[in-house]
Amino acid sequence: FGLHGSAAEKVEWAFKLFDVNGNGTIEPKEVETVVNAVHRAKGTASMAQEGIDKFYKRISKNKDELITKEEFIRGCQDDAEFMAFLGKT
């Protein structure tokens, strides 16, 4: 993406992007929707469902169906691949 701002600002922006329905949590379908939309916009192949599931499981620390904002921030900041996706800080 090449976003500008600090790592914390980028992760905050990403949470708002992934929280498609605006309810303050991220559900598996929202991850799939956003990841596939980004790939379409970039003109790249969509991520396989397995990759989306793997990302979701890495971020959802308590392994329930919802990712809270706190889980998302901690999980993303510890995920070098995701931070690279957002752009260098």
# chains A, B, ... in the order shown; residues from 1 in each chain; ligands from 1
>>> residues_around(residues="region 55-69 of chain A", least_positions_apart="2", cutoff="10 Å", atoms="only C-alpha atoms", output="ChimeraX atom specification")
/A:11-12,15-16,19,23-28,31-32,49-53,71-79,82
>>> write_last_selection(atoms="N, CA and C atoms", output="PDB file, in the first residue's frame")
ATOM      1  N   VAL A  11      -1.623   0.466  11.455  1.00  0.00           N
ATOM      2  CA  VAL A  11      -2.406  -0.658  11.983  1.00  0.00           C
ATOM      3  C   VAL A  11      -3.807  -0.182  12.361  1.00  0.00           C
ATOM      4  N   GLU A  12      -3.911   1.006  12.916  1.00  0.00           N
ATOM      5  CA  GLU A  12      -5.218   1.584  13.262  1.00  0.00           C
ATOM      6  C   GLU A  12      -6.066   1.746  11.987  1.00  0.00           C
ATOM      7  N   PHE A  15      -7.209  -1.679  10.796  1.00  0.00           N
ATOM      8  CA  PHE A  15      -8.331  -2.217  11.571  1.00  0.00           C
ATOM      9  C   PHE A  15      -9.643  -1.638  11.058  1.00  0.00           C
ATOM     10  N   LYS A  16      -9.677  -0.342  10.839  1.00  0.00           N
ATOM     11  CA  LYS A  16     -10.908   0.290  10.342  1.00  0.00           C
ATOM     12  C   LYS A  16     -11.277  -0.253   8.964  1.00  0.00           C
ATOM     13  N   ASP A  19     -12.668  -3.851   9.497  1.00  0.00           N
ATOM     14  CA  ASP A  19     -13.944  -3.866  10.218  1.00  0.00           C
ATOM     15  C   ASP A  19     -15.029  -3.313   9.293  1.00  0.00           C
ATOM     16  N   ASN A  23     -18.605  -2.725  13.498  1.00  0.00           N
ATOM     17  CA  ASN A  23     -19.072  -3.122  14.827  1.00  0.00           C
ATOM     18  C   ASN A  23     -17.971  -3.211  15.881  1.00  0.00           C
ATOM     19  N   GLY A  24     -16.733  -2.862  15.503  1.00  0.00           N
ATOM     20  CA  GLY A  24     -15.637  -2.864  16.477  1.00  0.00           C
ATOM     21  C   GLY A  24     -14.886  -4.171  16.583  1.00  0.00           C
ATOM     22  N   THR A  25     -15.273  -5.159  15.795  1.00  0.00           N
ATOM     23  CA  THR A  25     -14.556  -6.433  15.735  1.00  0.00           C
ATOM     24  C   THR A  25     -14.436  -6.843  14.266  1.00  0.00           C
ATOM     25  N   ILE A  26     -13.521  -7.778  14.008  1.00  0.00           N
ATOM     26  CA  ILE A  26     -13.322  -8.271  12.652  1.00  0.00           C
ATOM     27  C   ILE A  26     -13.719  -9.745  12.611  1.00  0.00           C
ATOM     28  N   GLU A  27     -14.561 -10.074  11.658  1.00  0.00           N
ATOM     29  CA  GLU A  27     -15.042 -11.435  11.472  1.00  0.00           C
ATOM     30  C   GLU A  27     -14.322 -12.071  10.286  1.00  0.00           C
ATOM     31  N   PRO A  28     -14.277 -13.409  10.224  1.00  0.00           N
ATOM     32  CA  PRO A  28     -13.561 -14.074   9.125  1.00  0.00           C
ATOM     33  C   PRO A  28     -13.981 -13.601   7.736  1.00  0.00           C
ATOM     34  N   VAL A  31     -12.284 -10.347   6.717  1.00  0.00           N
ATOM     35  CA  VAL A  31     -10.892 -10.535   6.296  1.00  0.00           C
ATOM     36  C   VAL A  31     -10.864 -10.974   4.839  1.00  0.00           C
ATOM     37  N   GLU A  32     -11.683 -11.941   4.507  1.00  0.00           N
ATOM     38  CA  GLU A  32     -11.739 -12.444   3.131  1.00  0.00           C
ATOM     39  C   GLU A  32     -12.132 -11.333   2.156  1.00  0.00           C
ATOM     40  N   GLN A  49      -8.112 -19.279   0.172  1.00  0.00           N
ATOM     41  CA  GLN A  49      -8.823 -19.315   1.461  1.00  0.00           C
ATOM     42  C   GLN A  49      -7.912 -19.805   2.582  1.00  0.00           C
ATOM     43  N   GLU A  50      -7.032 -20.735   2.267  1.00  0.00           N
ATOM     44  CA  GLU A  50      -6.098 -21.257   3.275  1.00  0.00           C
ATOM     45  C   GLU A  50      -5.216 -20.141   3.835  1.00  0.00           C
ATOM     46  N   GLY A  51      -4.753 -19.255   2.976  1.00  0.00           N
ATOM     47  CA  GLY A  51      -3.925 -18.135   3.420  1.00  0.00           C
ATOM     48  C   GLY A  51      -4.694 -17.147   4.277  1.00  0.00           C
ATOM     49  N   ILE A  52      -5.941 -16.905   3.896  1.00  0.00           N
ATOM     50  CA  ILE A  52      -6.799 -16.007   4.676  1.00  0.00           C
ATOM     51  C   ILE A  52      -7.054 -16.613   6.055  1.00  0.00           C
ATOM     52  N   ASP A  53      -7.362 -17.903   6.092  1.00  0.00           N
ATOM     53  CA  ASP A  53      -7.602 -18.591   7.370  1.00  0.00           C
ATOM     54  C   ASP A  53      -6.352 -18.552   8.248  1.00  0.00           C
ATOM     55  N   GLU A  71      -6.524  -7.293  19.825  1.00  0.00           N
ATOM     56  CA  GLU A  71      -5.915  -8.475  19.201  1.00  0.00           C
ATOM     57  C   GLU A  71      -5.307  -8.107  17.846  1.00  0.00           C
ATOM     58  N   PHE A  72      -6.038  -7.343  17.068  1.00  0.00           N
ATOM     59  CA  PHE A  72      -5.582  -6.958  15.744  1.00  0.00           C
ATOM     60  C   PHE A  72      -4.291  -6.144  15.824  1.00  0.00           C
ATOM     61  N   ILE A  73      -4.270  -5.152  16.706  1.00  0.00           N
ATOM     62  CA  ILE A  73      -3.084  -4.300  16.839  1.00  0.00           C
ATOM     63  C   ILE A  73      -1.882  -5.122  17.274  1.00  0.00           C
ATOM     64  N   ARG A  74      -2.030  -5.929  18.323  1.00  0.00           N
ATOM     65  CA  ARG A  74      -0.912  -6.764  18.787  1.00  0.00           C
ATOM     66  C   ARG A  74      -0.467  -7.740  17.712  1.00  0.00           C
ATOM     67  N   GLY A  75      -1.423  -8.412  17.105  1.00  0.00           N
ATOM     68  CA  GLY A  75      -1.104  -9.420  16.109  1.00  0.00           C
ATOM     69  C   GLY A  75      -0.421  -8.849  14.885  1.00  0.00           C
ATOM     70  N   CYS A  76      -0.891  -7.725  14.415  1.00  0.00           N
ATOM     71  CA  CYS A  76      -0.300  -7.119  13.213  1.00  0.00           C
ATOM     72  C   CYS A  76       1.087  -6.558  13.482  1.00  0.00           C
ATOM     73  N   GLN A  77       1.255  -5.931  14.621  1.00  0.00           N
ATOM     74  CA  GLN A  77       2.567  -5.359  14.933  1.00  0.00           C
ATOM     75  C   GLN A  77       3.624  -6.449  15.094  1.00  0.00           C
ATOM     76  N   ASP A  78       3.199  -7.657  15.446  1.00  0.00           N
ATOM     77  CA  ASP A  78       4.123  -8.788  15.581  1.00  0.00           C
ATOM     78  C   ASP A  78       4.263  -9.583  14.280  1.00  0.00           C
ATOM     79  N   ASP A  79       3.562  -9.170  13.230  1.00  0.00           N
ATOM     80  CA  ASP A  79       3.542  -9.902  11.964  1.00  0.00           C
ATOM     81  C   ASP A  79       4.307  -9.109  10.909  1.00  0.00           C
ATOM     82  N   PHE A  82       2.665  -8.773   7.418  1.00  0.00           N
ATOM     83  CA  PHE A  82       1.551  -7.835   7.339  1.00  0.00           C
ATOM     84  C   PHE A  82       2.048  -6.400   7.380  1.00  0.00           C
TER      85      PHE A  82
END
>>> select_by_dssp(residues="region 21-58 of chain A", states="alpha helix (DSSP H)", output="ChimeraX atom specification")
/A:28-42,49-58
>>> write_last_selection(atoms="N, CA, C and O atoms", output="tab-separated table (two decimals), in the first residue's frame")
chain	number	residue	atom	x	y	z
A	28	PRO	N	-14.28	-13.41	10.22
A	28	PRO	CA	-13.56	-14.07	9.13
A	28	PRO	C	-13.98	-13.60	7.74
A	28	PRO	O	-13.14	-13.39	6.86
A	29	LYS	N	-15.26	-13.41	7.52
A	29	LYS	CA	-15.74	-12.99	6.19
A	29	LYS	C	-15.21	-11.59	5.83
A	29	LYS	O	-14.95	-11.31	4.66
A	30	GLU	N	-15.05	-10.73	6.84
A	30	GLU	CA	-14.52	-9.39	6.58
A	30	GLU	C	-13.07	-9.46	6.11
A	30	GLU	O	-12.67	-8.72	5.20
A	31	VAL	N	-12.28	-10.35	6.72
A	31	VAL	CA	-10.89	-10.54	6.30
A	31	VAL	C	-10.86	-10.97	4.84
A	31	VAL	O	-10.13	-10.41	4.02
A	32	GLU	N	-11.68	-11.94	4.51
A	32	GLU	CA	-11.74	-12.44	3.13
A	32	GLU	C	-12.13	-11.33	2.16
A	32	GLU	O	-11.52	-11.17	1.10
A	33	THR	N	-13.14	-10.56	2.50
A	33	THR	CA	-13.62	-9.48	1.64
A	33	THR	C	-12.52	-8.46	1.36
A	33	THR	O	-12.27	-8.09	0.21
A	34	VAL	N	-11.85	-8.01	2.40
A	34	VAL	CA	-10.83	-6.97	2.25
A	34	VAL	C	-9.61	-7.50	1.51
A	34	VAL	O	-9.10	-6.84	0.59
A	35	VAL	N	-9.13	-8.66	1.89
A	35	VAL	CA	-7.93	-9.22	1.24
A	35	VAL	C	-8.18	-9.41	-0.25
A	35	VAL	O	-7.35	-9.04	-1.08
A	36	ASN	N	-9.31	-9.96	-0.60
A	36	ASN	CA	-9.60	-10.17	-2.02
A	36	ASN	C	-9.79	-8.85	-2.76
A	36	ASN	O	-9.36	-8.72	-3.92
A	37	ALA	N	-10.38	-7.85	-2.13
A	37	ALA	CA	-10.54	-6.54	-2.76
A	37	ALA	C	-9.19	-5.88	-3.02
A	37	ALA	O	-8.96	-5.28	-4.07
A	38	VAL	N	-8.27	-6.01	-2.07
A	38	VAL	CA	-6.93	-5.45	-2.24
A	38	VAL	C	-6.22	-6.13	-3.41
A	38	VAL	O	-5.60	-5.47	-4.25
A	39	HIS	N	-6.32	-7.43	-3.47
A	39	HIS	CA	-5.69	-8.16	-4.57
A	39	HIS	C	-6.28	-7.76	-5.92
A	39	HIS	O	-5.55	-7.59	-6.90
A	40	ARG	N	-7.60	-7.58	-5.97
A	40	ARG	CA	-8.22	-7.13	-7.23
A	40	ARG	C	-7.72	-5.75	-7.61
A	40	ARG	O	-7.41	-5.49	-8.78
A	41	ALA	N	-7.64	-4.85	-6.64
A	41	ALA	CA	-7.18	-3.48	-6.91
A	41	ALA	C	-5.73	-3.45	-7.38
A	41	ALA	O	-5.37	-2.62	-8.22
A	42	LYS	N	-4.93	-4.35	-6.86
A	42	LYS	CA	-3.52	-4.42	-7.25
A	42	LYS	C	-3.31	-5.23	-8.53
A	42	LYS	O	-2.21	-5.27	-9.06
A	49	GLN	N	-8.11	-19.28	0.17
A	49	GLN	CA	-8.82	-19.32	1.46
A	49	GLN	C	-7.91	-19.81	2.58
A	49	GLN	O	-7.98	-19.32	3.70
A	50	GLU	N	-7.03	-20.74	2.27
A	50	GLU	CA	-6.10	-21.26	3.27
A	50	GLU	C	-5.22	-20.14	3.84
A	50	GLU	O	-4.96	-20.08	5.04
A	51	GLY	N	-4.75	-19.25	2.98
A	51	GLY	CA	-3.92	-18.13	3.42
A	51	GLY	C	-4.69	-17.15	4.28
A	51	GLY	O	-4.18	-16.62	5.26
A	52	ILE	N	-5.94	-16.90	3.90
A	52	ILE	CA	-6.80	-16.01	4.68
A	52	ILE	C	-7.05	-16.61	6.05
A	52	ILE	O	-6.96	-15.93	7.08
A	53	ASP	N	-7.36	-17.90	6.09
A	53	ASP	CA	-7.60	-18.59	7.37
A	53	ASP	C	-6.35	-18.55	8.25
A	53	ASP	O	-6.44	-18.33	9.46
A	54	LYS	N	-5.19	-18.75	7.64
A	54	LYS	CA	-3.93	-18.73	8.39
A	54	LYS	C	-3.69	-17.35	9.00
A	54	LYS	O	-3.33	-17.23	10.17
A	55	PHE	N	-3.92	-16.29	8.22
A	55	PHE	CA	-3.77	-14.93	8.73
A	55	PHE	C	-4.72	-14.71	9.90
A	55	PHE	O	-4.33	-14.21	10.95
A	56	TYR	N	-5.98	-15.11	9.73
A	56	TYR	CA	-6.98	-14.91	10.77
A	56	TYR	C	-6.59	-15.61	12.06
A	56	TYR	O	-6.68	-15.05	13.15
A	57	LYS	N	-6.10	-16.84	11.94
A	57	LYS	CA	-5.70	-17.60	13.13
A	57	LYS	C	-4.48	-16.99	13.81
A	57	LYS	O	-4.36	-17.06	15.04
A	58	ARG	N	-3.56	-16.41	13.04
A	58	ARG	CA	-2.39	-15.76	13.63
A	58	ARG	C	-2.80	-14.54	14.45
A	58	ARG	O	-2.24	-14.27	15.50
>>> atom_distance(atom1="CA of Ala14 (chain A)", atom2="CA of Leu86 (chain A)")
8.1 Å
>>> closest_residue(among="A:Gly43, A:Gly22, A:Ala48, A:Gly87", to="Glu9 (chain A)", atoms="only C-alpha atoms")
A:Gly87
>>> select_by_dssp(residues="region 15-79 of chain A", states="strand (DSSP E or B)", output="PyMOL selection string")
chain A and resi 25-26+67-68
